[in-house]
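S.K.: Input file: model_23.cif. Contents: mmCIF, C-alpha atoms.
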data_final
#
loop_
_atom_site.label_atom_id
_atom_site.label_comp_id
_atom_site.auth_asym_id
_atom_site.auth_seq_id
_atom_site.Cartn_x
_atom_site.Cartn_y
_atom_site.Cartn_z
CA MET B 1 4.53 -7.64 -12.88
CA GLY B 2 2.74 -4.57 -14.22
CA HIS B 3 -0.44 -5.90 -15.75
CA ILE B 4 -2.58 -7.75 -13.26
CA GLU B 5 -3.92 -10.90 -14.78
CA GLY B 6 -7.66 -11.16 -14.48
CA TYR B 7 -8.10 -7.50 -13.66
CA LYS B 8 -10.92 -5.73 -15.50
CA PRO B 9 -10.96 -1.95 -15.78
CA HIS B 10 -13.70 0.37 -14.65
CA PRO B 11 -16.33 1.10 -17.30
CA GLN B 12 -16.06 4.64 -18.63
CA PRO B 13 -19.59 5.55 -19.79
CA ASP B 14 -18.85 9.26 -19.95
CA ARG B 15 -15.69 9.02 -21.98
CA GLU B 16 -14.86 8.18 -25.55
CA ASN B 17 -13.13 4.85 -25.54
CA LYS B 18 -13.03 2.85 -28.71
CA HIS B 19 -11.70 -0.19 -26.92
CA MET B 20 -14.81 -0.72 -24.80
CA ASP B 21 -18.03 -2.20 -26.10
CA ASP B 22 -21.49 -1.68 -24.59
CA LYS B 23 -21.25 -4.78 -22.43
CA GLU B 24 -18.02 -3.57 -20.88
CA ARG B 25 -19.42 -0.09 -20.34
CA THR B 26 -22.31 -1.42 -18.28
CA SER B 27 -20.43 -4.13 -16.44
CA LYS B 28 -19.91 -3.90 -12.71
CA PRO B 29 -16.70 -2.08 -11.82
CA SER B 30 -14.00 -4.49 -10.70
CA LEU B 31 -12.56 -1.96 -8.27
CA PRO B 32 -14.82 -0.14 -5.84
CA PRO B 33 -14.66 3.58 -5.21
CA LEU B 34 -12.55 4.52 -2.23
CA TRP B 35 -12.82 7.25 0.35
CA ASN B 36 -16.20 8.36 -1.00
CA ASP B 37 -14.42 8.91 -4.27
CA ASP B 38 -16.69 9.80 -7.17
CA SER B 39 -13.98 11.22 -9.37
CA ASN B 40 -14.08 8.41 -11.88
CA LEU B 41 -10.59 7.31 -10.82
CA ARG B 42 -8.97 10.61 -11.72
CA MET B 43 -7.16 13.14 -9.60
CA THR B 44 -9.13 16.30 -8.83
CA ASN B 45 -8.21 19.52 -7.10
CA SER B 46 -9.91 18.30 -3.92
CA HIS B 47 -7.49 15.40 -3.55
CA PRO B 48 -4.26 15.66 -1.60
CA SER B 49 -1.26 15.91 -3.89
CA THR B 50 0.64 12.72 -4.61
CA ASP B 51 3.57 14.57 -6.13
CA GLU B 52 6.78 12.99 -4.96
CA ASP B 53 7.92 16.09 -3.11
CA ALA B 54 4.62 16.31 -1.23
CA LEU B 55 4.75 12.61 -0.38
CA LEU B 56 8.27 12.87 0.98
CA LYS B 57 7.38 15.94 3.05
CA ARG B 58 4.32 14.22 4.50
CA SER B 59 6.31 11.07 5.20
CA ILE B 60 8.92 12.99 7.18
CA GLU B 61 6.16 14.69 9.20
CA ASN B 62 4.48 11.36 9.89
CA GLU B 63 7.65 9.70 11.13
CA ALA B 64 7.05 11.27 14.53
CA HIS B 65 4.36 8.77 15.47
CA ARG B 66 5.35 5.73 13.42
CA ALA B 67 7.55 4.33 16.15
CA ASP B 68 4.47 4.14 18.37
CA ASP B 69 2.48 2.55 15.56
CA THR B 70 5.16 -0.10 15.16
CA ASP B 71 5.14 -0.82 18.90
CA ASP B 72 1.36 -1.16 18.77
CA LEU B 73 1.54 -3.57 15.86
CA LEU B 74 4.12 -5.84 17.43
CA SER B 75 2.37 -5.79 20.81
CA PHE B 76 -0.88 -6.71 19.11
CA MET B 77 0.74 -9.58 17.23
CA VAL B 78 2.49 -10.91 20.31
CA LYS B 79 -0.83 -10.92 22.19
CA ARG B 80 -2.68 -12.50 19.26
CA TYR B 81 0.02 -15.14 18.89
CA ASP B 82 -0.09 -15.94 22.61
CA VAL B 83 -3.87 -16.34 22.46
CA GLN B 84 -3.65 -18.68 19.48
CA LYS B 85 -0.97 -20.77 21.21
CA MET D 1 2.75 7.76 -19.79
CA THR D 2 5.77 7.65 -17.57
CA ASP D 3 8.34 7.95 -20.32
CA GLY D 4 10.54 10.95 -20.92
CA VAL D 5 12.94 12.97 -18.81
CA LEU D 6 10.28 14.44 -16.53
CA ALA D 7 8.78 11.02 -15.79
CA GLU D 8 12.21 9.60 -15.08
CA SER D 9 12.76 12.34 -12.54
CA ARG D 10 9.49 11.43 -10.85
CA ILE D 11 10.54 7.79 -10.79
CA ASP D 12 13.80 8.71 -9.09
CA LYS D 13 11.98 10.86 -6.56
CA ARG D 14 9.50 8.08 -5.86
CA LEU D 15 12.41 5.75 -5.20
CA ARG D 16 13.79 8.22 -2.67
CA TYR D 17 10.39 8.27 -1.01
CA LEU D 18 10.34 4.47 -0.84
CA GLU D 19 13.85 4.45 0.59
CA ARG D 20 12.80 6.95 3.23
CA ILE D 21 9.76 5.01 4.46
CA ALA D 22 11.71 1.75 4.29
CA SER D 23 14.57 3.14 6.37
CA ASN D 24 12.16 4.56 8.90
CA ALA D 25 10.21 1.29 9.07
CA ALA D 26 13.44 -0.65 9.55
CA SER D 27 14.57 1.65 12.33
CA ASN D 28 11.23 1.40 14.11
CA LEU D 29 11.08 -2.35 13.65
CA CYS D 30 14.55 -2.76 15.15
CA ALA D 31 13.63 -0.62 18.14
CA SER D 32 10.37 -2.50 18.78
CA LEU D 33 11.98 -5.91 18.40
CA LYS D 34 14.73 -4.92 20.76
CA LYS D 35 12.10 -4.24 23.43
CA ILE D 36 10.43 -7.60 22.84
CA LEU D 37 13.50 -9.76 22.33
CA SER D 38 15.87 -7.89 24.60
CA ALA D 39 18.48 -8.28 21.89
CA ASP D 40 19.97 -6.11 19.21
CA VAL D 41 18.55 -6.60 15.73
CA ALA D 42 20.37 -5.29 12.65
CA ILE D 43 18.47 -4.67 9.43
CA ASP D 44 20.05 -3.82 6.08
CA ILE D 45 17.61 -2.42 3.52
CA SER D 46 17.87 -3.97 0.05
CA LYS D 47 17.99 -1.15 -2.47
CA PRO D 48 17.60 -3.52 -5.45
CA ALA D 49 14.34 -4.76 -3.93
CA LEU D 50 13.08 -1.18 -3.62
CA VAL D 51 14.16 -0.40 -7.18
CA ALA D 52 12.21 -3.45 -8.36
CA LEU D 53 9.20 -2.37 -6.28
CA ASN D 54 9.34 1.11 -7.80
CA ALA D 55 9.52 -0.30 -11.32
CA ALA D 56 6.60 -2.62 -10.64
CA TYR D 57 4.55 0.27 -9.28
CA TRP D 58 5.02 2.41 -12.39
CA GLN D 59 4.23 -0.54 -14.63
CA MET D 60 1.00 -1.08 -12.71
CA VAL D 61 0.16 2.63 -12.96
CA ASP D 62 0.71 2.59 -16.73
CA GLY D 63 -1.40 -0.53 -17.06
CA PHE D 64 -4.18 0.98 -14.97
CA LYS D 65 -4.21 4.17 -17.05
CA LYS D 66 -4.22 2.27 -20.31
CA GLU D 67 -7.01 -0.04 -19.26
CA ASN D 68 -9.16 2.80 -17.98
CA GLY D 69 -8.73 5.17 -20.91
CA PHE D 70 -6.67 7.86 -19.22
CA ARG D 71 -5.51 10.68 -21.46
CA ASP D 72 -2.01 12.17 -21.32
CA GLY D 73 -1.74 14.43 -18.28
CA GLU D 74 -4.59 12.80 -16.36
CA ARG D 75 -3.52 11.32 -13.06
CA ILE D 76 -4.91 8.51 -10.95
CA ASN D 77 -6.46 9.70 -7.71
CA PRO D 78 -4.62 9.15 -4.40
CA ALA D 79 -6.80 6.31 -3.17
CA LYS D 80 -6.15 4.20 -6.23
CA ARG D 81 -2.45 5.08 -6.18
CA ALA D 82 -2.29 3.99 -2.56
CA ALA D 83 -4.05 0.72 -3.36
CA ILE D 84 -1.75 0.08 -6.33
CA THR D 85 1.32 0.76 -4.19
CA VAL D 86 0.11 -1.49 -1.38
CA ALA D 87 -0.63 -4.25 -3.87
CA ALA D 88 2.85 -3.83 -5.40
CA ILE D 89 4.39 -4.14 -1.93
CA PHE D 90 2.48 -7.32 -1.17
CA LEU D 91 3.11 -8.83 -4.60
CA SER D 92 6.83 -8.18 -4.63
CA PRO D 93 8.79 -11.45 -4.63
CA HIS D 94 11.83 -9.75 -3.14
CA ALA D 95 12.91 -9.51 0.49
CA PHE D 96 13.15 -5.83 1.33
CA TYR D 97 16.01 -6.28 3.76
CA ARG D 98 18.45 -8.67 5.30
CA VAL D 99 18.41 -9.24 9.01
CA GLN D 100 21.07 -10.51 11.32
CA GLY D 101 20.97 -11.88 14.82
CA GLN D 102 18.20 -13.67 16.69
CA LEU D 103 15.51 -12.71 14.21
CA ALA D 104 17.23 -14.28 11.23
CA ASP D 105 15.57 -17.61 11.94
CA HIS D 106 12.04 -16.20 11.74
CA ALA D 107 10.31 -15.49 8.46
CA ASN D 108 7.39 -13.36 9.67
CA HIS D 109 9.41 -10.21 10.16
CA GLN D 110 9.46 -9.68 6.38
CA ASP D 111 5.66 -9.75 6.40
CA ILE D 112 5.50 -7.31 9.28
CA PHE D 113 7.84 -5.01 7.41
CA ARG D 114 5.51 -5.02 4.40
CA LEU D 115 2.66 -4.05 6.68
CA LEU D 116 4.64 -1.13 8.02
CA LEU D 117 5.38 0.04 4.48
CA ALA D 118 1.72 -0.33 3.53
CA ALA D 119 0.56 1.68 6.54
CA ALA D 120 3.04 4.45 5.72
CA VAL D 121 1.90 4.55 2.10
CA ILE D 122 -1.77 4.74 3.05
CA GLU D 123 -1.13 7.53 5.47
CA ASP D 124 1.14 9.55 3.19
CA PHE D 125 -0.94 9.23 0.04
CA LEU D 126 -4.26 9.99 1.65
CA CYS D 127 -3.31 12.34 4.46
CA LEU D 128 -5.30 10.02 6.68
CA PRO D 129 -3.48 8.63 9.72
CA PRO D 130 -4.40 4.95 10.18
CA ARG D 131 -5.55 5.69 13.72
CA THR D 132 -8.23 8.04 12.49
CA LEU D 133 -9.58 6.08 9.55
CA LYS D 134 -13.32 5.69 9.51
CA ALA D 135 -14.73 2.18 9.33
CA GLU D 136 -16.06 2.57 5.80
CA GLN D 137 -12.76 4.00 4.61
CA LYS D 138 -10.79 1.08 5.95
CA HIS D 139 -13.32 -1.31 4.50
CA ASP D 140 -13.05 0.28 1.05
CA LEU D 141 -9.27 0.18 1.12
CA LEU D 142 -9.17 -3.47 2.12
CA VAL D 143 -11.73 -4.36 -0.54
CA CYS D 144 -9.65 -2.65 -3.19
CA VAL D 145 -6.36 -4.20 -2.11
CA LYS D 146 -7.96 -7.59 -1.78
CA ARG D 147 -9.35 -7.41 -5.30
CA TYR D 148 -5.93 -6.53 -6.68
CA LEU D 149 -4.37 -9.46 -4.91
CA THR D 150 -7.17 -11.79 -5.87
CA ALA D 151 -6.79 -10.79 -9.50
CA ALA D 152 -3.12 -11.66 -9.18
CA GLY D 153 -4.03 -15.09 -7.84
CA ARG D 154 -3.21 -14.45 -4.19
CA LYS D 155 -6.67 -14.45 -2.66
CA GLU D 156 -5.66 -16.47 0.36
CA ASP D 157 -2.39 -14.68 0.78
CA ALA D 158 -1.31 -14.29 4.37
CA PHE D 159 -0.43 -10.67 3.73
CA VAL D 160 -4.08 -9.81 3.21
CA HIS D 161 -5.02 -11.32 6.53
CA MET D 162 -2.10 -9.65 8.21
CA LEU D 163 -3.11 -6.31 6.76
CA CYS D 164 -6.57 -6.81 8.25
CA LEU D 165 -4.97 -7.71 11.58
CA PHE D 166 -2.72 -4.69 11.41
CA MET D 167 -5.61 -2.36 10.74
CA ASP D 168 -7.48 -4.16 13.49
CA ALA D 169 -4.64 -3.53 15.90
CA MET D 170 -4.54 0.17 15.21
CA TRP D 171 -8.29 0.54 15.16
CA SER D 172 -8.76 -1.38 18.33
CA SER D 173 -6.58 1.17 20.04
CA CYS D 174 -9.03 3.91 19.13
CA GLY D 175 -12.24 1.97 19.68
CA ARG D 176 -13.11 1.02 16.11
CA PRO D 177 -12.49 -2.71 15.77
CA HIS D 178 -12.21 -4.29 12.38
CA SER D 179 -14.92 -6.57 11.01
CA ASP D 180 -14.02 -9.41 8.69
CA ASP D 181 -16.70 -8.72 6.09
CA VAL D 182 -14.26 -7.42 3.50
CA ASP D 183 -15.82 -9.55 0.80
#
Spit out the file's structure as structure tokens when you get a sec.

M.R.:
Amino acid sequence: MGHIEGYKPHPQPDRENKHMDDKERTSKPSLPPLWNDDSNLRMTNSHPSTDEDALLKRSIENEAHRADDTDDLLSFMVKRYDVQK
Amino acid sequence: MTDGVLAESRIDKRLRYLERIASNAASNLCASLKKILSADVAIDISKPALVALNAAYWQMVDGFKKENGFRDGERINPAKRAAITVAAIFLSPHAFYRVQGQLADHANHQDIFRLLLAAAVIEDFLCLPPRTLKAEQKHDLLVCVKRYLTAAGRKEDAFVHMLCLFMDAMWSSCGRPHSDDVD
């Protein structure tokens, strides 16, 4: 898997990048910014940590309500399926 | 960018994280299905499938960094990491678990399981519970995931639609229904 065929990277107008020509630098980004993200794809101090230890800690904390989320999902799908039938 | 002893340690830790959310998702899925089907459902997580998912994720991260001119030490922000992980989950050709009992004859449970993993990843990476996502945040996430999957030739993939439905289900419960204008 790894490389995604057809995927084009963001232009990097503010960075030295010998692999990008002017056309690529001004092309429309293929991936939109997320979560009001203007960090040019990079991690900043304002972002929550994605260190593995932090992720695992957050995941354990979030397990408390995931059973309810799962119930909601299956209930929703059962209702949607019944409507479509 | 992920080579070396330190990176290998991170890879191992990330696998433990994946195993944790997969085990929790399996447990919750069994409990919910038991309520609906009134029958016991046994799910065995496939570790090889999670190992393959983890490897695919790091390959995608390396590819993303290379294509976007990241220097050594620079890290991708959480939103993009979440999107890459969700895309890796949906693009994985492997079944993440084996199931026994009444459910074994139905294929959709594997798709539902991927949705549960995706929701956990989104929440953990972004510190944003799915129930409290704002409309524009959900829209941005779906756009990003959809573009990844489209680039991989899976534009009409059922997982994308199911992800929208899943988000719709959770958002409907808090009064923010999903619109289908992802494109």

S.K.: Using the chain letters and numbers from the file, which residues does the PyMOL selection byres ((chain D and resi 90) around 9) grab, as JSON, numbers by chain?

M.R.: {"D": [85, 86, 87, 88, 89, 91, 92, 93, 111, 114, 115, 118, 149, 159, 160]}

S.K.: One number please: CA of Ala82 (chain D) to CA of Phe125 (chain D), in Å, one decimal.

M.R.: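 About the pair CA of Ala82 (chain D) and CA of Phe125 (chain D): they are 6.0 Å apart.
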
S.K.: Applying 10 Å and all atoms listed in the file, which residues near Ile36 (chain D) remain after dropping the ones on its own chain fewer than 2 positions away? List them as a PyMOL selection string.

M.R.: (chain B and resi 71+74-75+78) or (chain D and resi 30-34+38-39)

S.K.: Can you work out which one of D:His94, D:Lys35, D:Lys66, D:Lys13 has the shortest atom-to-atom distance to chain B, counting all atoms listed in the file?

M.R.: D:Lys13

S.K.: Taking 6 positions as the minimum chain separation for residues in the same chain, which residues sit within 8 Å of region 55-57 of chain B when counting only C-alpha atoms? Answer as a list of chain:residue names.

M.R.: B:Ser49, D:Tyr17, D:Arg20, D:Asp124, D:Phe125

S.K.: Keeping C-alpha atoms, export the residues of the selection given above as a short mmCIF file (atom, residue, chain, number, x, y, z; two decimals), in the coordinates of the input.

M.R.:
data_model
loop_
_atom_site.label_atom_id
_atom_site.label_comp_id
_atom_site.auth_asym_id
_atom_site.auth_seq_id
_atom_site.Cartn_x
_atom_site.Cartn_y
_atom_site.Cartn_z
CA SER B 49 -1.26 15.91 -3.89
CA TYR D 17 10.39 8.27 -1.01
CA ARG D 20 12.80 6.95 3.23
CA ASP D 124 1.14 9.55 3.19
CA PHE D 125 -0.94 9.23 0.04
#
